[in-house]
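Q: The structure is given below, and queries will be raised subsequently.
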Amino acid sequence: MLRLENISKYFPGVRALQEVSLEINSGEVHALCGENGAGKSTLMNIISGNLRPDRGNIYWKGEPVAIDSVGRAQALGIAIVYQERSLVDSLSVAENIFPVNQPRNSFGLIDTGALFRKTKQLLDELQLDNLAPQTIVGNLPGAQKGMVEIARALARNPSLLILDEPTAALTHRETAVLFRIIRQLKALGVAVIYISHRMAELKQIADVISVLKDGKYQGTFPAHAPAEQIVHMMVGRELELAQYHSHTEQQTRLEVKNLSGKGFQQVSFKIKRGEILGFAGLSGSGRSELARAVFGDTEITGGEIFVDEKKIYFRHPVDSMRVGIAYLPEDRKTEGLFMDRSVAENISSARMQHGMYRRKAVLTEADKLIRAFTIRTPSATNVVSKLSGGNQQKVVIAKWLSLDPDILIVQEPTNGVDVGAKAEIYEILRAMTARGKSILMISSELPELLLLADRIAVMYNGSIKEILHNKEATEDKIAALASGIGVSQN
Amino acid sequence: MPLKERLQDRIFSLGVSIVILCLVLSFVFPSGFPSIANFSQLLLNLSIDTIVAVGMMLLLIAGMFDLSVGSVVAFAGGMAGYLMYYLHVNFMIAIAAGLGGSVLIGFLNGWLVARAGINPMIQTLAMMGVVRGLALMLSGAGIQNFPYSFIYIGQSKLLGLQAPVWYMFAILLLFSFLSRRTVFFRRFYFIGGNEKAARLSGINVEKMKIWGFVISASLAGIAGILLSSRLGAALSTSGAGLELRVITAVILGGASLSGGYGKVWGAFLGVLFMALINNLLILSRVSGYWQQVILGIILIAAVGLDQWMLKRLGK
């Protein structure tokens, strides 16, 4: 059906895809696996006409084709369900399913009757019987939106259907329906490309599994190949200088009991003084939501938080800061930094509680921290947006560490940071634990977790699957737990 | 500071433009422009706008704006006038009531924007209509004959300058100091720069938004009291169109609609610049209709030039 030959794609500074060749047959469910950033989405964007490859050929039913626009891909019979929602909330279900290909009457006007009739048919097929075509999409729960998204792709009668993490927003019930539909399509000779992090799911639905890693094709396996083999292919990198050592003390600093909130349920863990508790998991596993809730940024619906064995109520980040918690957000650009303001102002931004604003004092303090954290900037008054990623990250770290927090929550501390700065950040975190501080570290880089964390909690679907000790943790084990396969070997 | 950066500082570029404009005016109209009387009149005319502009500047720094300030000007004067004229209330209490009402309007704006999540544009647009209606009810066709002690507030003179001018400078100095030197006012810059990051840095963004609207409405209330005192009358049409004029001046003065930028003195310079342009047009007997056209063009040119410099010189 579709054959990709030596596809390469470059973005400024990144080789997103290198010489990827792949063959998708009709009547086949072809799963695509790989870590975040492995190039799966880039590849799908090329097939669906959103991006053009820099090199390589695409063959469609044996003929070479150039898929240079979304319209071209649609004309060929390629339909895609994106990972991100792409519905218009203010319009009805029917209008969303038929955005441009509405049924028309003989005057060329939209035939509303036929539109609703066709929509109803599709919805029935997806077992959304009680959903009226006129319903406004914005009012639907997330899982039903996901199904509407799938209905839109099906409305095109595709011969190749691409599903990018389709089940991330679906519940078990909808997932079962989706799988039934996929099997029906398969019987009709439709090819399906299925991207998912959930290994257990792939075993159920896929015929073959192809693995991408760092933009390179690793191989294609039959779906019944052992999961460990595939996970190893996905992760399989050599460990960096693994010089883990522990500063864990006896006393518990932070305790979370049965905490529930949006995106996570019944989560319990303890962090001791001087300990780093790592959190592993896929996007959507509830890690970030948990971290935000512990920092008091989002509401909790149940459970308790104790700091030094005292029960604490957080309603706003200010409350958690008061008991000595600091929070390094996931995305420094949108959540951590004031990009248009100076380094000094950014460093002082967590100390805006009261009193006078002394510019001189702020500058002196900033100069001190710039030296302590070796932030490379011409001066403290320089605008932070002009620094490199690693130095920006160090600004955020300096801002929080200047408060001398007892508990530090960090999310992806070395995201987009070069190797040198990475090592420096590791040193900073380690030095904190040596002084008895506790760290809750969320990271998607497994080597980083193995290097720093004393224990690693693996989250899946909003709860902690298992907490592994550093000694027993391996990348394969973590990746398997995070994908929802229950290999607990202790 | 290198010239390149200086040019991007609106206080500097606007200051230079104003000096040049003054010099040109002095040469072209040696008899009309450079006189104490003209300047005193100029400052008096812009004092009300400037007081309102200071509040608007603070809001814009935090990434918001308030369309209801013009109506609040009429409301505060009307409220005080109504109490004094119809109910013979002591002028101090009347003023307190006018200001209190303004604070309440600001609080409502802020509360509905910050807590109920209504868009500032919609919220203050609606409030603009509501409050204008209240002002009409209070002052109807206009209220006159205020007690002397009330008139005195806006019509007394010191060193050749009318009282509103002194109030204006006092407010400018106070808020300039506060916005540079107090943590409380610095928070507005952080909120306008990145609201999410501000919250995660422990700033109570919602509370600060409410304060922003309260301050803005209070200053509009003060302006309204001063205006009615100076005119000796409370008019329901006072401050009509003021909100857009003030937003124009504040943007000219270096604020950005997306927030994070601006200085209190920029509000004054923006208003002053617009007043000078008006002065120039009046002295050269250009039709009043053209004033609107020219001010519009100047605003577009100023903001356009900024974008251009950002692209060309920014890197």
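As shown in the structure tokens, the chain order sets the letters A, B, ...; within each chain, residues go from 1, and ligands are also counted from 1 in the order they appear.
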Could you pull the residues within 12 Å of Met128 (chain B), counting only C-alpha atoms, minus those fewer than 4 positions along the same chain, as a list in words?

A: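 Within the cut-off, the hits are Asp66, Leu67, Ser68, Val69, Gly70, Ser71, Val72, Val73, Ala74, Phe75, Ile105, Gly106, Asn109, Pro120, Met121, Ile122, Gln123, Thr124, Arg132, Gly133, Leu134, Ala135, Ala217, Gly239, Ala240, Gly241, Leu242, Glu243 and Leu244 of chain B.
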
Q: List every residue of region 144-389 of chain A that DSSP, applied to the backbone of this structure, assigns to alpha helix (DSSP H), and report them as a PyMOL selection string.

A: chain A and resi 144-154+172-187+199-205+227-235+287-295+317-322+343-348+359-372+389

Q: Could you check the closest approach to Glu255 (chain A) for each of A:Ile58, A:Leu440, A:Val395, A:Val343 and tell me which residue wins, using only C-alpha atoms?

A: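 Under the stated criterion, the closest residue is A:Leu440.
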
Q: Tell me, as a PyMOL selection string, which residues lie within 9 Å of Val137 (chain A), counting only C-alpha atoms; anything in the same chain fewer than 4 positions away does not count.

A: chain A and resi 87-93+96+141+144-145+148

Q: Select residues of chain B: the criterion is any atom within 9 Å of an atom of chain A, counting only C-alpha atoms; output as a ChimeraX atom specification.

A: /B:178,180-187,189-190,193-204,260-261

Q: Among region 113-204 of chain B, which residues carry a DSSP assignment of strand (DSSP E), reported as a short mmCIF file (atom, residue, chain, number, x, y, z; two decimals) with C-alpha atoms, in the first residue's frame?

A:
```cif
data_model
loop_
_atom_site.label_atom_id
_atom_site.label_comp_id
_atom_site.auth_asym_id
_atom_site.auth_seq_id
_atom_site.Cartn_x
_atom_site.Cartn_y
_atom_site.Cartn_z
CA LYS B 157 -3.67 78.08 42.31
CA LEU B 158 -0.14 77.62 43.56
CA LEU B 161 -0.30 76.43 38.29
CA GLN B 162 -3.83 75.24 38.92
#
```

Q: Quick one: distance from CA of Gly219 (chain A) to CA of Met233 (chain A) in Å, one decimal?

A: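 Going from CA of Gly219 (chain A) over to CA of Met233 (chain A), I get 8.5 Å.
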
Q: Would you pick out the contacts of Gln121 (chain A) at 12 Å or less, using only C-alpha atoms, so that residues sharing its chain but fewer than 6 positions from it are not included, and give the list as a count of residues only?

A: 13

Q: For CA of Met137 (chain B) and CA of Thr248 (chain B), quote the distance in Å rounded to one decimal.

A: 29.1 Å
